[in-house]
$ cat coords04.csv   # CSV, C-alpha atoms and all ligand atoms
chain,number,residue,atom,x,y,z
Q,7,MET,CA,81.9,78.8,109.3
Q,8,ILE,CA,80.1,81.9,110.5
Q,9,LYS,CA,76.4,81.6,110.1
Q,10,LYS,CA,75.2,84.8,111.6
Q,11,ALA,CA,76.7,88.3,112.1
Q,12,SER,CA,75.2,91.6,113.2
Q,13,PHE,CA,76.5,95.0,114.2
Q,14,LEU,CA,75.9,95.8,117.8
Q,15,ILE,CA,77.4,99.1,118.9
Q,16,SER,CA,80.2,101.7,118.4
Q,17,ASN,CA,82.0,103.2,121.3
Q,18,THR,CA,84.9,105.5,122.2
Q,19,ASP,CA,85.1,104.2,125.7
Q,20,TYR,CA,85.8,100.5,126.5
Q,21,LYS,CA,83.6,100.9,129.6
Q,22,LYS,CA,80.6,101.3,127.4
Q,23,CYS,CA,81.3,98.2,125.4
Q,24,PRO,CA,78.9,95.2,125.6
Q,25,PRO,CA,79.1,93.2,128.9
Q,26,PRO,CA,82.2,91.0,128.7
Q,27,THR,CA,80.2,87.8,128.8
Q,28,MET,CA,81.5,86.3,125.5
Q,29,PRO,CA,84.9,85.6,124.1
Q,30,GLU,CA,86.2,88.5,122.0
Q,31,PHE,CA,88.6,89.0,119.1
Q,32,ALA,CA,89.8,92.5,118.0
Q,33,PHE,CA,91.1,93.4,114.6
Q,34,ILE,CA,93.8,96.0,114.5
Q,35,GLY,CA,96.5,97.2,112.1
Q,36,ARG,CA,97.6,100.2,110.1
Q,37,SER,CA,95.0,102.3,108.4
Q,38,ASN,CA,94.0,100.9,105.1
Q,39,VAL,CA,95.5,97.5,105.8
Q,40,GLY,CA,92.1,95.9,105.2
Q,41,LYS,CA,90.5,95.3,108.7
Q,42,SER,CA,87.0,96.2,107.7
Q,43,SER,CA,87.2,94.3,104.4
Q,44,LEU,CA,88.4,91.2,106.4
Q,45,VAL,CA,85.5,91.5,108.8
Q,46,ASN,CA,83.1,91.5,105.8
Q,47,MET,CA,84.9,88.6,104.1
Q,48,LEU,CA,84.9,86.4,107.2
Q,49,THR,CA,81.2,87.1,107.8
Q,50,GLY,CA,80.2,86.8,104.2
Q,51,ASN,CA,78.5,90.2,104.4
Q,52,LYS,CA,79.9,92.9,102.2
Q,53,ASN,CA,78.0,95.7,103.9
Q,54,LEU,CA,78.7,94.9,107.6
Q,55,ALA,CA,81.8,97.0,108.2
Q,56,LYS,CA,82.3,100.3,106.3
Q,57,ILE,CA,85.2,100.2,103.8
Q,58,SER,CA,87.0,103.1,102.2
Q,59,GLY,CA,89.9,103.7,99.9
Q,60,LYS,CA,90.8,106.6,102.2
Q,61,PRO,CA,92.8,105.7,105.4
Q,62,GLY,CA,91.1,106.5,108.7
Q,63,LYS,CA,87.6,105.3,107.8
Q,64,THR,CA,87.0,103.4,111.1
Q,65,GLN,CA,87.3,105.7,114.1
Q,66,LEU,CA,85.4,103.8,116.8
Q,67,ILE,CA,85.5,100.5,118.7
Q,68,ASN,CA,82.9,98.6,116.7
Q,69,HIS,CA,81.3,95.5,118.2
Q,70,PHE,CA,79.8,92.7,116.1
Q,71,LEU,CA,78.0,89.7,117.5
Q,72,ILE,CA,78.9,86.5,115.7
Q,73,ASP,CA,76.7,83.3,115.9
Q,74,ASP,CA,75.4,84.5,119.2
Q,75,ILE,CA,78.6,83.2,120.9
Q,76,TRP,CA,81.5,85.6,120.3
Q,77,TYR,CA,82.3,89.2,119.7
Q,78,LEU,CA,84.3,90.5,116.7
Q,79,VAL,CA,85.7,94.0,117.1
Q,80,ASP,CA,86.8,96.3,114.3
Q,81,LEU,CA,89.2,98.9,115.6
Q,82,PRO,CA,90.5,102.1,114.0
Q,83,GLY,CA,93.9,101.9,112.3
Q,84,TYR,CA,97.1,103.0,113.9
Q,85,GLY,CA,99.8,105.0,112.2
Q,86,PHE,CA,97.6,107.2,110.1
Q,87,ALA,CA,99.8,110.2,109.3
Q,88,LYS,CA,97.1,112.6,108.1
Q,89,VAL,CA,95.4,113.1,111.5
Q,90,SER,CA,96.7,115.7,114.0
Q,91,LYS,CA,98.9,114.7,116.9
Q,92,GLY,CA,96.0,115.5,119.3
Q,93,ILE,CA,93.6,113.2,117.5
Q,94,LYS,CA,96.3,110.6,117.3
Q,95,SER,CA,96.9,110.5,121.0
Q,96,THR,CA,93.1,110.4,121.7
Q,97,TRP,CA,92.9,107.3,119.4
Q,98,GLU,CA,95.9,105.7,121.0
Q,99,LYS,CA,94.5,106.1,124.5
Q,100,MET,CA,91.1,104.8,123.4
Q,101,ILE,CA,92.7,101.7,121.8
Q,102,SER,CA,95.3,101.0,124.5
Q,103,ASP,CA,92.7,101.4,127.3
Q,104,TYR,CA,90.4,99.0,125.5
Q,105,LEU,CA,93.1,96.4,124.8
Q,106,THR,CA,94.6,96.5,128.3
Q,107,ASN,CA,91.2,96.4,130.2
Q,108,ARG,CA,88.9,94.3,128.2
Q,109,GLU,CA,88.7,91.1,130.3
Q,110,ASN,CA,87.0,88.9,127.7
Q,111,LEU,CA,89.6,89.7,124.9
Q,112,VAL,CA,91.0,86.3,123.8
Q,113,ALA,CA,93.4,87.6,121.2
Q,114,VAL,CA,94.2,90.7,119.1
Q,115,CYS,CA,94.4,90.0,115.4
Q,116,VAL,CA,97.1,92.2,114.1
Q,117,LEU,CA,96.7,92.8,110.3
Q,118,ILE,CA,99.9,93.1,108.3
Q,119,ASP,CA,100.0,94.2,104.7
Q,120,SER,CA,101.6,91.3,102.9
Q,121,ARG,CA,102.9,93.6,100.1
Q,122,LEU,CA,105.4,95.3,102.4
Q,123,ASP,CA,108.7,94.6,104.1
Q,124,PRO,CA,108.3,94.5,107.9
Q,125,GLN,CA,107.1,97.9,109.1
Q,126,LYS,CA,108.5,99.6,112.2
Q,127,ILE,CA,105.0,100.5,113.5
Q,128,ASP,CA,103.7,96.9,113.3
Q,129,LEU,CA,106.8,95.6,115.1
Q,130,GLU,CA,106.4,98.3,117.7
Q,131,PHE,CA,102.7,97.4,118.2
Q,132,ILE,CA,103.4,93.7,118.7
Q,133,THR,CA,106.2,94.6,121.1
Q,134,TRP,CA,103.7,96.7,123.0
Q,135,CYS,CA,101.3,93.7,123.1
Q,136,GLY,CA,104.1,91.5,124.5
Q,137,GLU,CA,104.9,94.0,127.2
Q,138,ASN,CA,101.3,94.2,128.2
Q,139,GLU,CA,100.8,90.5,128.0
Q,140,ILE,CA,98.1,90.8,125.4
Q,141,PRO,CA,97.9,87.6,123.2
Q,142,PHE,CA,98.0,88.3,119.5
Q,143,ILE,CA,98.0,86.5,116.2
Q,144,LEU,CA,99.2,87.9,112.8
Q,145,ILE,CA,97.0,88.2,109.8
Q,146,PHE,CA,98.7,89.0,106.5
Q,147,THR,CA,96.3,90.8,104.2
Q,148,LYS,CA,95.9,91.5,100.4
Q,149,SER,CA,97.7,88.3,99.3
Q,150,ASP,CA,95.9,88.6,95.9
Q,151,LYS,CA,97.8,91.8,95.1
Q,152,GLN,CA,101.1,90.0,94.2
Q,153,SER,CA,102.7,86.6,93.5
Q,154,LYS,CA,102.6,83.8,96.1
Q,155,THR,CA,106.5,83.9,96.2
Q,156,LYS,CA,106.5,87.6,97.0
Q,157,THR,CA,103.8,87.1,99.7
Q,158,LEU,CA,105.7,84.2,101.3
Q,159,GLY,CA,108.9,86.2,101.2
Q,160,ASN,CA,107.4,89.1,103.1
Q,161,VAL,CA,105.7,86.8,105.6
Q,162,ARG,CA,109.0,85.1,106.3
Q,163,LYS,CA,110.7,88.4,106.8
Q,164,PHE,CA,108.1,89.6,109.3
Q,165,LEU,CA,108.1,86.3,111.2
Q,166,ASP,CA,111.9,86.4,111.4
Q,167,SER,CA,111.6,90.0,112.9
Q,168,ALA,CA,108.9,88.8,115.4
Q,169,LYS,CA,111.1,85.8,116.3
Q,170,GLU,CA,114.0,88.3,117.2
Q,171,ILE,CA,111.6,90.0,119.6
Q,172,PHE,CA,109.8,87.1,121.2
Q,173,GLY,CA,112.1,84.1,120.6
Q,174,ASP,CA,109.3,82.2,118.8
Q,175,GLU,CA,106.9,82.6,115.9
Q,176,PRO,CA,103.4,83.9,116.6
Q,177,ASP,CA,100.4,82.1,115.0
Q,178,TYR,CA,99.7,83.6,111.6
Q,179,PHE,CA,97.3,83.5,108.7
Q,180,ILE,CA,97.6,84.6,105.0
Q,181,THR,CA,94.4,86.2,103.7
Q,182,SER,CA,92.8,87.9,100.8
Q,183,SER,CA,89.4,89.7,101.2
Q,184,GLN,CA,89.2,89.7,97.4
Q,185,ASN,CA,89.4,85.9,96.8
Q,186,GLY,CA,88.7,84.5,100.3
Q,187,GLU,CA,92.1,83.0,100.9
Q,188,GLY,CA,92.6,82.1,104.6
Q,189,LYS,CA,88.9,82.3,105.5
Q,190,VAL,CA,88.4,78.7,106.5
Q,191,GLU,CA,91.7,78.5,108.4
Q,192,LEU,CA,91.2,81.7,110.3
Q,193,VAL,CA,87.5,81.1,111.2
Q,194,SER,CA,88.3,77.5,112.3
Q,195,PHE,CA,91.1,78.9,114.5
Q,196,ILE,CA,88.8,81.4,116.2
Q,197,GLU,CA,86.0,78.9,116.6
Q,198,ASN,CA,88.4,76.6,118.4
Q,199,GLU,CA,89.5,79.3,120.7
Q,200,VAL,CA,85.9,80.2,121.4
Q,201,GLN,CA,85.2,76.6,122.3
Q,202,GLU,CA,88.2,76.6,124.7
Q,203,TYR,CA,87.1,79.8,126.3
Q,204,TYR,CA,83.7,78.3,127.2
Q,205,ASP,CA,85.4,75.1,128.3
Q,206,SER,CA,87.6,77.0,130.7
Q,207,HIS,CA,84.9,79.4,131.9
Q,208,ARG,CA,82.3,76.8,132.9
Q,301,LIG,N1,92.9,93.6,96.5
Q,301,LIG,C1,92.6,93.7,97.7
Q,301,LIG,N2,92.2,94.9,98.3
Q,301,LIG,C2,91.8,94.9,99.6
Q,301,LIG,C3,91.9,93.8,100.4
Q,301,LIG,N3,91.5,94.2,101.6
Q,301,LIG,C4,91.2,95.5,101.6
Q,301,LIG,N4,91.4,96.0,100.3
Q,301,LIG,C5,91.2,97.4,99.9
Q,301,LIG,O1,92.0,98.2,100.8
Q,301,LIG,C6,91.3,99.4,101.1
Q,301,LIG,C7,91.1,99.6,102.6
Q,301,LIG,O2,90.3,98.6,103.1
Q,301,LIG,P1,89.6,98.8,104.5
Q,301,LIG,O3,89.0,97.4,104.8
Q,301,LIG,O4,88.6,99.9,104.6
Q,301,LIG,O5,90.8,99.0,105.5
Q,301,LIG,P2,90.8,99.3,107.1
Q,301,LIG,O6,92.0,98.7,107.6
Q,301,LIG,O7,89.5,99.0,107.7
Q,301,LIG,O8,91.0,100.9,107.1
Q,301,LIG,P3,90.7,102.0,108.2
Q,301,LIG,O9,89.3,101.7,108.7
Q,301,LIG,O10,90.8,103.3,107.5
Q,301,LIG,O11,91.8,101.8,109.3
Q,301,LIG,C8,89.9,99.3,100.3
Q,301,LIG,O12,90.1,100.0,99.1
Q,301,LIG,C9,89.8,97.8,100.1
Q,301,LIG,O13,89.0,97.5,99.0
Q,301,LIG,C10,92.3,92.5,99.8
Q,301,LIG,O14,92.5,91.5,100.5
Q,301,LIG,N5,92.7,92.6,98.5
Q,302,MG,MG,88.2,100.1,108.8
$ encode --input "coords04.csv" --output "structure tokens"
Amino acid sequence: MIKKASFLISNTDYKKCPPPTMPEFAFIGRSNVGKSSLVNMLTGNKNLAKISGKPGKTQLINHFLIDDIWYLVDLPGYGFAKVSKGIKSTWEKMISDYLTNRENLVAVCVLIDSRLDPQKIDLEFITWCGENEIPFILIFTKSDKQSKTKTLGNVRKFLDSAKEIFGDEPDYFITSSQNGEGKVELVSFIENEVQEYYDSHR
């Protein structure tokens, strides 16, 4: 479990991010999918990342230091219709530059709204990750909002779509920031990866 978490710095330029000396996990997904809420749930600190009912709250690359051994990054959402084309492409460049150049990035955690059928923009994003050889895992959010059957049905549909693209199923987790579902599983997974990172970088 996470014992210690603190906010470090916000950036628009990946070159100004903290030195890449620790393994890093970045949280991304559509605006309002629950990225910042998940960061707070995982760290047990309701006030760490800013949350809003309005999409587009997070606009920068936000670094958090976890247990003094890994970085968690809260990224702005993609696919937010209400911003202008110009702002959108600036965001996209900032995020794609960060994702393709950040050498200590272990995996991108792609958040998917478990209430919805597979969304084109999410499938496009994971396709882009594949093309750029960026490892990713899927995190289904807001599982508390509907029945277990409905959640599992939507998860299955998304995994089937991903399988069509990649030939196999990505690692995935089902979570709720409201009731803590998936916290233990996801944190254990990340902590394992962190350990492996240090083992292979000795
Ligand atoms: N019921 C429920 N609501 C959630 C959950 N996660 C997030 N929310 C709500 O969804 C809204 C958006 O949450 P945020 O965490 O700000 O979403 P975000 O992905 O960081 O959004 P941007 O920063 O705008 O891209 C807020 O009103 C949250 O309270 C969840 O697991 N369950
Ligand atoms: Mg946010």
$ closest_atom_pairs --input "coords04.csv" --of "chain Q" --to "ligand LIG 301 (chain Q)" --cutoff "10 Å" --atoms "all atoms listed in the file" --output "CSV"
residue,atom,partner,partner_atom,distance
Q:Phe33,CA,Q:LIG301,O6,8.8
Q:Ile34,CA,Q:LIG301,O6,7.6
Q:Gly35,CA,Q:LIG301,O6,6.5
Q:Arg36,CA,Q:LIG301,O11,6.1
Q:Ser37,CA,Q:LIG301,O11,3.4
Q:Asn38,CA,Q:LIG301,O8,3.6
Q:Val39,CA,Q:LIG301,O6,4.1
Q:Gly40,CA,Q:LIG301,O5,3.4
Q:Lys41,CA,Q:LIG301,O6,3.9
Q:Ser42,CA,Q:LIG301,O3,3.7
Q:Ser43,CA,Q:LIG301,O3,3.6
Q:Leu44,CA,Q:LIG301,O3,6.4
Q:Val45,CA,Q:LIG301,O3,7.9
Q:Asn46,CA,Q:LIG301,O3,8.4
Q:Met47,CA,Q:LIG301,O14,8.9
Q:Ala55,CA,Q:LIG301,O7,8.0
Q:Lys56,CA,Q:LIG301,O4,6.5
Q:Ile57,CA,Q:LIG301,O4,3.5
Q:Ser58,CA,Q:LIG301,O4,4.3
Q:Gly59,CA,Q:LIG301,O12,3.8
Q:Lys60,CA,Q:LIG301,O10,6.2
Q:Pro61,CA,Q:LIG301,O10,3.8
Q:Gly62,CA,Q:LIG301,O10,3.4
Q:Lys63,CA,Q:LIG301,O10,3.8
Q:Thr64,CA,Q:LIG301,O9,3.7
Q:Gln65,CA,Q:LIG301,O9,7.0
Q:Leu66,CA,Q:LIG301,O9,9.2
Q:Asp80,CA,Q:LIG301,O7,7.6
Q:Leu81,CA,Q:LIG301,O11,7.4
Q:Pro82,CA,Q:LIG301,O11,4.9
Q:Gly83,CA,Q:LIG301,O11,3.7
Q:Tyr84,CA,Q:LIG301,O11,7.1
Q:Gly85,CA,Q:LIG301,O11,9.1
Q:Phe86,CA,Q:LIG301,O11,8.0
Q:Leu117,CA,Q:LIG301,O6,8.0
Q:Ile118,CA,Q:LIG301,O6,9.7
Q:Asp119,CA,Q:LIG301,O14,9.0
Q:Ser120,CA,Q:LIG301,O14,9.4
Q:Phe146,CA,Q:LIG301,O14,9.0
Q:Thr147,CA,Q:LIG301,O14,5.3
Q:Lys148,CA,Q:LIG301,O14,3.4
Q:Ser149,CA,Q:LIG301,O14,6.2
Q:Asp150,CA,Q:LIG301,N5,5.7
Q:Lys151,CA,Q:LIG301,N1,5.4
Q:Gln152,CA,Q:LIG301,N1,9.2
Q:Ile180,CA,Q:LIG301,O14,9.7
Q:Thr181,CA,Q:LIG301,O14,6.5
Q:Ser182,CA,Q:LIG301,O14,3.6
Q:Ser183,CA,Q:LIG301,O14,3.7
Q:Gln184,CA,Q:LIG301,N5,4.7
Q:Asn185,CA,Q:LIG301,O14,7.4
Q:Gly186,CA,Q:LIG301,O14,8.0
Q:Glu187,CA,Q:LIG301,O14,8.5
$ residues_around --input "coords04.csv" --residues "Ile140 in chain Q" --least-positions-apart "6" --cutoff "8 Å" --atoms "only C-alpha atoms" --output "NGL selection string"
:Q and (105-106 or 113-114)
$ write_last_selection --input "coords04.csv" --atoms "C-alpha atoms" --output "compact mmCIF listing (two decimals), in the coordinates of the input"
# COMPACT_ATOMS: atom_id res chain seq x y z
CA LEU Q 105 93.10 96.40 124.80
CA THR Q 106 94.60 96.50 128.30
CA ALA Q 113 93.40 87.60 121.20
CA VAL Q 114 94.20 90.70 119.10
$ closest_residue --input "coords04.csv" --among "Q:Val161, Q:Met100, Q:Asn53, Q:Leu78" --to "Lys22 in chain Q" --atoms "all atoms listed in the file"
Q:Met100
$ closest_residue --input "coords04.csv" --among "Q:Gln125, Q:Lys21, Q:Ser12, Q:Ile67" --to "ligand MG 302 (chain Q)" --atoms "only C-alpha atoms and all ligand atoms"
Q:Ile67
$ atom_distance --input "coords04.csv" --atom1 "CA of Leu71 in chain Q" --atom2 "CA of Leu144 in chain Q"
21.8 Å
$ atom_distance --input "coords04.csv" --atom1 "CA of Thr96 in chain Q" --atom2 "CA of Glu109 in chain Q"
21.6 Å
$ closest_residue --input "coords04.csv" --among "Q:Pro26, Q:Phe31, Q:Asn68, Q:Pro141" --to "ligand MG 302 (chain Q)" --atoms "all atoms listed in the file"
Q:Asn68
$ residues_around --input "coords04.csv" --residues "Met28 in chain Q" --least-positions-apart "3" --cutoff "8 Å" --atoms "only C-alpha atoms" --output "VMD selection string"
chain Q and resid 75 to 77 110
$ closest_residue --input "coords04.csv" --among "Q:Leu14, Q:Val79, Q:Ile132, Q:Val112" --to "ligand MG 302 (chain Q)" --atoms "all atoms listed in the file"
Q:Val79
$ closest_residue --input "coords04.csv" --among "Q:Leu54, Q:Leu111, Q:Val200, Q:Val190" --to "ligand MG 302 (chain Q)" --atoms "all atoms listed in the file"
Q:Leu54
$ closest_residue --input "coords04.csv" --among "Q:Ile101, Q:Asn17, Q:Ile72, Q:Gly50" --to "Glu197 in chain Q" --atoms "all atoms listed in the file"
Q:Ile72
$ atom_distance --input "coords04.csv" --atom1 "CA of Ala168 in chain Q" --atom2 "CA of Glu199 in chain Q"
22.2 Å
$ decode --input "coords04.csv" --residues "range 40-163 of chain Q" --atoms "C-alpha atoms" --output "mmCIF file, in the first residue's frame"
data_model
loop_
_atom_site.group_PDB
_atom_site.id
_atom_site.type_symbol
_atom_site.label_atom_id
_atom_site.label_comp_id
_atom_site.auth_asym_id
_atom_site.auth_seq_id
_atom_site.Cartn_x
_atom_site.Cartn_y
_atom_site.Cartn_z
ATOM 1 C CA GLY Q 40 -11.844 10.052 -13.044
ATOM 2 C CA LYS Q 41 -8.033 10.299 -13.301
ATOM 3 C CA SER Q 42 -7.534 12.786 -10.494
ATOM 4 C CA SER Q 43 -10.097 10.988 -8.306
ATOM 5 C CA LEU Q 44 -8.199 7.734 -8.798
ATOM 6 C CA VAL Q 45 -4.905 9.385 -7.835
ATOM 7 C CA ASN Q 46 -6.543 10.532 -4.606
ATOM 8 C CA MET Q 47 -8.134 7.150 -3.931
ATOM 9 C CA LEU Q 48 -4.874 5.239 -4.481
ATOM 10 C CA THR Q 49 -2.890 7.580 -2.257
ATOM 11 C CA GLY Q 50 -5.587 7.907 0.399
ATOM 12 C CA ASN Q 51 -5.449 11.687 0.157
ATOM 13 C CA LYS Q 52 -8.668 13.374 -0.996
ATOM 14 C CA ASN Q 53 -6.949 16.687 -1.585
ATOM 15 C CA LEU Q 54 -3.848 15.625 -3.506
ATOM 16 C CA ALA Q 55 -5.101 16.029 -7.093
ATOM 17 C CA LYS Q 56 -7.736 18.606 -8.005
ATOM 18 C CA ILE Q 57 -11.108 17.159 -8.957
ATOM 19 C CA SER Q 58 -13.966 18.808 -10.784
ATOM 20 C CA GLY Q 59 -17.382 18.007 -12.182
ATOM 21 C CA LYS Q 60 -16.357 20.098 -15.182
ATOM 22 C CA PRO Q 61 -14.253 18.295 -17.816
ATOM 23 C CA GLY Q 62 -10.834 19.794 -18.527
ATOM 24 C CA LYS Q 63 -9.819 20.460 -14.925
ATOM 25 C CA THR Q 64 -6.293 19.033 -15.212
ATOM 26 C CA GLN Q 65 -4.297 20.931 -17.832
ATOM 27 C CA LEU Q 66 -0.682 20.191 -16.984
ATOM 28 C CA ILE Q 67 1.708 17.273 -16.505
ATOM 29 C CA ASN Q 68 1.476 16.816 -12.724
ATOM 30 C CA HIS Q 69 4.175 14.841 -10.928
ATOM 31 C CA PHE Q 70 3.601 13.193 -7.556
ATOM 32 C CA LEU Q 71 6.305 11.403 -5.566
ATOM 33 C CA ILE Q 72 5.100 8.119 -4.071
ATOM 34 C CA ASP Q 73 6.867 6.434 -1.137
ATOM 35 C CA ASP Q 74 10.110 8.123 -2.250
ATOM 36 C CA ILE Q 75 10.560 5.444 -4.949
ATOM 37 C CA TRP Q 76 8.203 6.083 -7.852
ATOM 38 C CA TYR Q 77 6.480 8.892 -9.727
ATOM 39 C CA LEU Q 78 2.787 9.052 -10.399
ATOM 40 C CA VAL Q 79 1.731 11.467 -13.146
ATOM 41 C CA ASP Q 80 -1.744 12.935 -13.543
ATOM 42 C CA LEU Q 81 -2.243 14.056 -17.152
ATOM 43 C CA PRO Q 82 -4.903 16.244 -18.769
ATOM 44 C CA GLY Q 83 -7.795 14.412 -20.390
ATOM 45 C CA TYR Q 84 -8.032 13.867 -24.114
ATOM 46 C CA GLY Q 85 -11.140 14.312 -26.211
ATOM 47 C CA PHE Q 86 -12.521 17.327 -24.435
ATOM 48 C CA ALA Q 87 -14.883 18.816 -27.026
ATOM 49 C CA LYS Q 88 -15.273 22.227 -25.414
ATOM 50 C CA VAL Q 89 -11.731 23.503 -25.997
ATOM 51 C CA SER Q 90 -10.728 25.130 -29.280
ATOM 52 C CA LYS Q 91 -8.817 23.224 -31.968
ATOM 53 C CA GLY Q 92 -5.716 25.316 -31.231
ATOM 54 C CA ILE Q 93 -5.664 24.473 -27.532
ATOM 55 C CA LYS Q 94 -6.427 20.848 -28.348
ATOM 56 C CA SER Q 95 -3.389 20.436 -30.592
ATOM 57 C CA THR Q 96 -1.148 22.151 -28.009
ATOM 58 C CA TRP Q 97 -2.352 19.650 -25.414
ATOM 59 C CA GLU Q 98 -1.922 16.734 -27.769
ATOM 60 C CA LYS Q 99 1.632 17.773 -28.592
ATOM 61 C CA MET Q 100 2.479 18.229 -24.901
ATOM 62 C CA ILE Q 101 1.122 14.782 -24.031
ATOM 63 C CA SER Q 102 2.547 12.927 -27.034
ATOM 64 C CA ASP Q 103 5.991 14.537 -26.534
ATOM 65 C CA TYR Q 104 5.903 13.511 -22.886
ATOM 66 C CA LEU Q 105 4.754 9.939 -23.587
ATOM 67 C CA THR Q 106 7.207 9.265 -26.400
ATOM 68 C CA ASN Q 107 10.255 10.855 -24.733
ATOM 69 C CA ARG Q 108 9.964 10.105 -21.038
ATOM 70 C CA GLU Q 109 12.618 7.423 -20.559
ATOM 71 C CA ASN Q 110 11.580 6.280 -17.062
ATOM 72 C CA LEU Q 111 7.932 5.743 -18.026
ATOM 73 C CA VAL Q 112 7.091 2.129 -17.120
ATOM 74 C CA ALA Q 113 3.474 2.153 -18.261
ATOM 75 C CA VAL Q 114 0.632 4.433 -19.223
ATOM 76 C CA CYS Q 115 -2.512 3.724 -17.235
ATOM 77 C CA VAL Q 116 -5.384 4.352 -19.648
ATOM 78 C CA LEU Q 117 -8.609 5.066 -17.780
ATOM 79 C CA ILE Q 118 -11.828 3.874 -19.394
ATOM 80 C CA ASP Q 119 -15.336 4.773 -18.195
ATOM 81 C CA SER Q 120 -16.905 1.413 -17.298
ATOM 82 C CA ARG Q 121 -20.414 2.806 -17.904
ATOM 83 C CA LEU Q 122 -19.865 3.145 -21.631
ATOM 84 C CA ASP Q 123 -19.565 0.958 -24.703
ATOM 85 C CA PRO Q 124 -16.057 1.028 -26.233
ATOM 86 C CA GLN Q 125 -15.323 4.593 -27.287
ATOM 87 C CA LYS Q 126 -13.530 5.330 -30.565
ATOM 88 C CA ILE Q 127 -11.187 7.845 -28.957
ATOM 89 C CA ASP Q 128 -9.983 5.319 -26.344
ATOM 90 C CA LEU Q 129 -9.371 2.670 -28.994
ATOM 91 C CA GLU Q 130 -7.521 5.249 -31.089
ATOM 92 C CA PHE Q 131 -5.377 6.189 -28.125
ATOM 93 C CA ILE Q 132 -4.326 2.625 -27.283
ATOM 94 C CA THR Q 133 -3.660 2.023 -30.993
ATOM 95 C CA TRP Q 134 -1.361 5.060 -30.930
ATOM 96 C CA CYS Q 135 0.392 3.638 -27.833
ATOM 97 C CA GLY Q 136 0.936 0.362 -29.675
ATOM 98 C CA GLU Q 137 2.347 2.119 -32.736
ATOM 99 C CA ASN Q 138 4.746 4.058 -30.530
ATOM 100 C CA GLU Q 139 5.690 1.022 -28.428
ATOM 101 C CA ILE Q 140 4.435 2.634 -25.236
ATOM 102 C CA PRO Q 141 3.355 -0.036 -22.726
ATOM 103 C CA PHE Q 142 -0.103 0.515 -21.293
ATOM 104 C CA ILE Q 143 -2.609 -1.037 -18.909
ATOM 105 C CA LEU Q 144 -6.353 -0.420 -18.786
ATOM 106 C CA ILE Q 145 -8.150 0.911 -15.734
ATOM 107 C CA PHE Q 146 -11.934 0.822 -15.843
ATOM 108 C CA THR Q 147 -13.396 3.569 -13.627
ATOM 109 C CA LYS Q 148 -16.659 4.399 -11.834
ATOM 110 C CA SER Q 149 -17.684 0.753 -11.298
ATOM 111 C CA ASP Q 150 -19.920 1.891 -8.399
ATOM 112 C CA LYS Q 151 -22.214 3.720 -10.813
ATOM 113 C CA GLN Q 152 -23.939 0.605 -12.175
ATOM 114 C CA SER Q 153 -24.505 -3.104 -11.609
ATOM 115 C CA LYS Q 154 -21.588 -5.538 -11.616
ATOM 116 C CA THR Q 155 -23.148 -7.299 -14.632
ATOM 117 C CA LYS Q 156 -23.252 -4.073 -16.636
ATOM 118 C CA THR Q 157 -19.638 -3.240 -15.686
ATOM 119 C CA LEU Q 158 -18.355 -6.679 -16.636
ATOM 120 C CA GLY Q 159 -20.268 -6.544 -19.923
ATOM 121 C CA ASN Q 160 -18.680 -3.223 -20.881
ATOM 122 C CA VAL Q 161 -15.222 -4.407 -19.790
ATOM 123 C CA ARG Q 162 -15.621 -7.534 -21.930
ATOM 124 C CA LYS Q 163 -16.651 -5.466 -24.963
#
